[in-house]
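Peer 1: Following this line is upload.txt, made up of compact mmCIF, C-alpha atoms:
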# COMPACT_ATOMS: atom_id res chain seq x y z
CA MET A 98 -38.83 -5.44 37.56
CA LYS A 99 -40.51 -3.26 34.88
CA LYS A 100 -38.11 -0.41 35.62
CA GLN A 101 -35.14 -2.76 35.27
CA LEU A 102 -36.54 -4.10 31.99
CA SER A 103 -37.10 -0.61 30.55
CA THR A 104 -33.52 0.30 31.52
CA LEU A 105 -32.23 -2.81 29.70
CA VAL A 106 -34.28 -1.97 26.59
CA ALA A 107 -33.02 1.64 26.62
CA LEU A 108 -29.42 0.43 27.05
CA THR A 109 -29.81 -2.06 24.17
CA ILE A 110 -31.20 0.65 21.89
CA LEU A 111 -28.40 3.04 22.89
CA LEU A 112 -25.72 0.40 22.24
CA MET A 113 -27.32 -0.47 18.89
CA ALA A 114 -27.30 3.21 17.84
CA ALA A 115 -23.66 3.58 18.93
CA THR A 116 -22.74 0.46 16.93
CA VAL A 117 -24.44 1.81 13.79
CA CYS A 118 -22.69 5.20 14.17
CA CYS A 119 -19.33 3.50 14.69
CA LEU A 120 -19.80 1.24 11.65
CA HIS A 121 -20.91 4.19 9.51
CA SER A 122 -17.76 6.13 10.45
CA TYR A 123 -15.64 3.04 9.76
CA PHE A 124 -17.07 2.68 6.23
CA GLN A 125 -16.65 6.42 5.54
CA ILE A 126 -12.95 6.26 6.42
CA ASP A 127 -12.54 2.99 4.50
CA LYS A 128 -14.01 4.73 1.44
CA ARG A 129 -11.46 7.55 1.74
CA LEU A 130 -8.64 5.01 2.03
CA TYR A 131 -9.87 3.36 -1.18
CA TYR A 132 -8.05 6.13 -3.08
CA TYR A 133 -4.80 4.92 -1.51
CA GLY A 134 -5.55 1.30 -2.38
CA ILE A 135 -5.73 0.19 1.25
CA ASN A 136 -9.48 -0.14 1.78
CA ARG A 137 -10.77 -3.31 3.48
CA PHE A 138 -13.97 -3.74 1.45
CA ASP A 139 -14.29 -4.08 -2.32
CA ARG A 140 -17.60 -2.28 -2.49
CA TYR A 141 -16.50 0.97 -4.14
CA GLU A 142 -16.95 1.94 -7.77
CA PRO A 143 -13.85 2.31 -9.98
CA ILE A 144 -12.78 5.92 -10.49
CA ASN A 145 -14.58 7.22 -13.60
CA GLY A 146 -15.75 3.66 -14.13
CA CYS A 147 -12.32 2.49 -15.26
CA VAL A 148 -9.48 2.93 -12.74
CA ILE A 149 -8.91 1.09 -9.45
CA PRO A 150 -6.08 2.10 -7.07
CA ILE A 151 -4.24 -1.00 -5.84
CA ASN A 152 -1.62 -1.14 -3.08
CA GLY A 153 0.23 -4.43 -3.41
CA ALA A 154 1.27 -4.68 0.23
CA VAL A 155 -2.37 -4.71 1.34
CA ARG A 156 -4.20 -6.53 -1.45
CA PHE A 157 -1.74 -9.31 -2.19
CA SER A 158 0.16 -9.86 1.05
CA SER A 159 -0.90 -13.50 1.29
CA PHE A 160 -0.47 -14.32 -2.42
CA GLY A 161 2.89 -12.78 -3.13
CA ASN A 162 3.18 -9.11 -3.99
CA PRO A 163 2.97 -8.28 -7.71
CA CYS A 164 3.23 -4.51 -7.31
CA GLY A 165 5.23 -4.11 -4.10
CA ASN A 166 4.45 -1.67 -1.32
CA TYR A 167 3.20 1.12 -3.55
CA VAL A 168 0.07 2.15 -5.42
CA GLU A 169 -0.63 1.24 -9.02
CA LEU A 170 -3.70 2.13 -11.07
CA TRP A 171 -5.44 -0.91 -12.58
CA ASP A 172 -8.46 -1.40 -14.79
CA GLU A 173 -11.48 -3.54 -13.86
CA ASP A 174 -9.97 -6.57 -15.61
CA GLY A 175 -6.90 -6.56 -13.37
CA PHE A 176 -4.43 -5.07 -15.85
CA SER A 177 -2.07 -2.28 -14.85
CA VAL A 178 -3.02 1.06 -16.43
CA LEU A 179 -0.21 2.88 -14.64
CA GLY A 180 2.43 0.95 -12.74
CA LYS A 181 6.03 -0.15 -12.62
CA GLY A 182 7.33 -1.00 -16.09
CA CYS A 183 4.44 0.52 -18.07
CA VAL A 184 5.34 2.02 -21.46
CA TYR A 185 2.88 3.87 -23.72
CA ASN A 186 2.58 4.30 -27.49
CA HIS A 187 4.39 7.41 -28.76
CA TYR A 188 6.38 7.55 -25.48
CA ALA A 189 8.49 4.38 -25.80
CA ASP A 190 11.54 5.97 -24.16
CA ILE A 191 9.60 6.76 -20.94
CA VAL A 192 9.27 3.77 -18.58
CA VAL A 193 7.16 4.14 -15.43
CA ASP A 194 8.91 3.45 -12.13
CA SER A 195 6.19 4.44 -9.63
CA VAL A 196 2.97 6.42 -9.20
CA VAL A 197 3.50 9.55 -7.09
CA SER A 198 0.03 11.09 -6.97
CA TYR A 199 -3.16 11.29 -8.98
CA GLY A 200 -6.49 13.05 -9.25
CA PHE A 201 -9.64 13.03 -11.30
CA ASN A 202 -12.73 14.84 -12.47
CA ASP A 203 -15.85 13.57 -14.23
CA THR A 204 -14.10 12.96 -17.55
CA CYS A 205 -10.50 11.96 -16.85
CA VAL A 206 -7.89 10.64 -14.44
CA VAL A 207 -4.57 12.49 -14.24
CA ALA A 208 -1.58 10.88 -12.55
CA GLU A 209 1.91 12.04 -11.71
CA PHE A 210 4.57 9.35 -11.98
CA LEU A 211 8.29 8.93 -11.59
CA ALA A 212 10.03 7.45 -14.64
CA LYS A 213 13.05 5.13 -14.59
CA ASP A 214 15.23 8.13 -15.52
CA GLN A 215 14.00 9.85 -12.31
CA ARG A 216 12.04 12.52 -14.20
CA ARG A 217 8.43 13.22 -13.29
CA TYR A 218 5.55 13.24 -15.74
CA TYR A 219 1.79 13.69 -15.83
CA VAL A 220 -0.30 11.22 -17.78
CA ILE A 221 -3.98 11.69 -18.65
CA PHE A 222 -6.47 8.86 -19.10
CA ASP A 223 -9.85 9.75 -20.56
CA ASP A 224 -12.60 8.33 -22.78
CA SER A 225 -10.58 8.86 -25.96
CA ASN A 226 -8.31 5.88 -25.12
CA GLU A 227 -5.41 8.05 -26.27
CA ILE A 228 -2.71 8.56 -23.65
CA LYS A 229 -1.52 12.15 -23.22
CA MET A 230 1.72 12.80 -21.35
CA PHE A 231 3.34 16.00 -20.08
CA ALA A 232 6.58 16.77 -18.28
CA LYS A 233 5.93 17.76 -14.66
CA ASP A 234 7.27 21.29 -15.19
CA THR A 235 4.38 21.93 -17.62
CA CYS A 236 2.36 23.25 -14.70
CA SER A 237 5.11 24.08 -12.22
CA ASN A 238 3.59 27.46 -11.25
CA ILE A 239 0.11 26.10 -10.58
CA SER A 240 -1.29 23.08 -8.75
CA PRO A 241 -2.21 20.05 -10.89
CA GLU A 242 -5.71 20.23 -9.45
CA GLU A 243 -6.16 23.71 -10.86
CA TYR A 244 -4.21 23.17 -14.08
CA PHE A 245 -6.17 20.05 -15.11
CA HIS A 246 -9.48 21.22 -13.54
CA LEU A 247 -9.74 18.22 -11.20
CA ASN A 248 -12.30 17.56 -8.46
CA ALA A 249 -9.82 15.70 -6.25
CA TRP A 250 -6.05 15.26 -5.99
CA TYR A 251 -4.32 12.61 -3.87
CA ALA A 252 -0.71 13.56 -3.25
CA SER A 253 1.87 11.06 -1.98
CA VAL A 254 -0.43 8.07 -2.54
CA ASN A 255 2.25 5.67 -1.32
CA GLN A 256 2.04 7.25 2.15
CA PRO A 257 -1.61 7.19 3.21
CA PRO A 258 -2.62 9.56 6.04
CA LYS A 259 -1.64 7.84 9.29
CA ASN A 260 -4.52 9.45 11.18
CA LEU A 261 -7.05 7.81 8.83
CA THR A 262 -5.56 4.33 9.10
CA THR A 263 -5.35 4.63 12.90
CA ARG A 264 -8.94 5.93 13.19
CA ARG A 265 -10.22 3.12 10.98
CA GLN A 266 -8.43 0.57 13.16
CA TRP A 267 -9.93 1.97 16.38
CA LEU A 268 -13.39 2.28 14.83
CA GLY A 269 -13.16 -1.37 13.73
CA ILE A 270 -12.26 -2.48 17.27
CA GLY A 271 -14.98 -0.21 18.69
CA SER A 272 -17.61 -1.57 16.28
CA ILE A 273 -16.84 -5.19 17.22
CA THR A 274 -16.86 -4.38 20.94
CA LEU A 275 -20.13 -2.43 20.72
CA CYS A 276 -21.73 -5.17 18.63
CA LEU A 277 -20.82 -7.82 21.23
CA MET A 278 -22.10 -5.62 24.05
CA THR A 279 -25.35 -5.03 22.13
CA LEU A 280 -25.83 -8.77 21.62
CA ILE A 281 -25.18 -9.51 25.30
CA CYS A 282 -27.55 -6.74 26.40
CA PHE A 283 -30.18 -7.95 23.92
CA ALA A 284 -29.85 -11.53 25.22
CA ILE A 285 -30.24 -10.36 28.85
CA THR A 286 -33.28 -8.28 27.87
CA LEU A 287 -34.84 -11.21 26.02
CA ILE A 288 -34.27 -13.55 28.99
CA SER A 289 -35.80 -10.97 31.34
CA VAL A 290 -38.90 -10.62 29.12
CA ILE A 291 -39.31 -14.41 28.91
CA LYS A 292 -38.97 -14.77 32.72
CA GLN A 293 -41.52 -12.02 33.28
CA ARG A 294 -44.05 -13.66 30.94
CA VAL A 295 -43.57 -17.08 32.54
CA ARG A 296 -44.50 -15.59 35.92
Render the structure in this file as structure tokens.

Peer 2:
Amino acid sequence: MKKQLSTLVALTILLMAATVCCLHSYFQIDKRLYYYGINRFDRYEPINGCVIPINGAVRFSSFGNPCGNYVELWDEDGFSVLGKGCVYNHYADIVVDSVVSYGFNDTCVVAEFLAKDQRRYYVIFDDSNEIKMFAKDTCSNISPEEYFHLNAWYASVNQPPKNLTTRRQWLGIGSITLCLMTLICFAITLISVIKQRVR
């Protein structure tokens, strides 16, 4: 009986460790998908304290879809910083159609967008609250990451990496399954301990 009990305890501990590892991996992938606006948990800090990537198809599917199936950059108050229809001072003839990609460093966020006239531009948001805009061919010979000295660049933000979304889905299913198995194993162990003490 003692051998059986120690096996149950070891199995419970093993299942608990596997559940924690699975959940940790799930949250790590969810954090990476935050930059595509398709994370499941709102526990991540805004980029540079001011910009939040939002994908309308994921965030607003049950309440209508204000920004469609593509990423927009919003501020903490829920206003679009870069999204469909945005126009900026000194650039009144350039109307944003969609965000293509973006990146950031410690001081600014740089985004590439497609305008209504089908031209591509870079826009820079920083602490100065003054919008700076460049035509895409400004840095055609060099990557935007290098040109703007960015720490990260997310290309094609409207098409998140399929492998990440699939892995997150399987890790979510695995976490739930492992958690249920851990609870069942824990309950069996607890019942076995109670029976042994009653004897």

Peer 1: Which residues, written as a ChimeraX atom specification, have at least one atom at most 12 Å from stretch 119-129 of chain A, with all atoms listed in the file counted and residues fewer than 3 positions away on the same chain left out?

Peer 2: /A:112-116,132-143,150,249,251,254,257-276

Peer 1: Counting all atoms listed in the file, which residue out of A:Tyr218, A:Trp250, A:Tyr188, A:Tyr199 sits closest to A:Cys236?

Peer 2: A:Tyr218

Peer 1: Interatomic distance between atom CA of A:Asn248 and atom CA of A:Thr204?

Peer 2: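 Between these atoms lies a distance of 10.3 Å.
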
Peer 1: Just how far from atom CA of A:Asn145 is atom CA of A:Gln215, in Å to one decimal?

Peer 2: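 These atoms are spaced 28.7 Å apart.
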
Peer 1: When you look at A:Thr286 with a cut-off of 9 Å (counting all atoms listed in the file), what residues show up, excluding the ones that are within fewer than 5 positions of it in the same chain? I need them as number ranges by chain.

Peer 2: A: 102-103, 105-106, 109, 281, 291

Peer 1: May I ask for the distance between atom CA of A:Phe283 and atom CA of A:Ala107, given in Å to one decimal place?

Peer 2: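 Atom-to-atom, atom CA of A:Phe283 to atom CA of A:Ala107, that is 10.4 Å.
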
Peer 1: Point out the residue among A:Leu111, A:Ala232, A:Val178, A:Leu170 with the least atom-to-atom distance to A:Ile191, counting all atoms listed in the file.

Peer 2: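 Of the candidates, the smallest distance to A:Ile191 is held by A:Ala232.
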
Peer 1: Skipping near chain neighbours, those fewer than 2 positions away, what residues fall within 12 Å of A:Asp194 using all atoms listed in the file, listed as a list in words?

Peer 2: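 What passes the distance filter is Cys164, Gly165, Tyr167, Val168, Glu169, Leu179, Gly180, Lys181, Gly182, Cys183, Val184, Ile191, Val192, Val196, Val197, Glu209, Phe210, Leu211, Ala212, Lys213, Asp214, Gln215, Arg216, Arg217 and Tyr218 of chain A.
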
Peer 1: Counting only C-alpha atoms, figure out which residue out of A:Ser198, A:Val148, A:Gly153, A:Gln101 gets nearest to A:Val290.

Peer 2: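 Closest to A:Val290, using only C-alpha atoms: A:Gln101.
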
Peer 1: Using only C-alpha atoms, find the one residue out of A:Asp172, A:Val207, A:Asn152, A:Met278 that sits nearest to A:Pro241.

Peer 2: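 Under the stated criterion, the closest residue is A:Val207.
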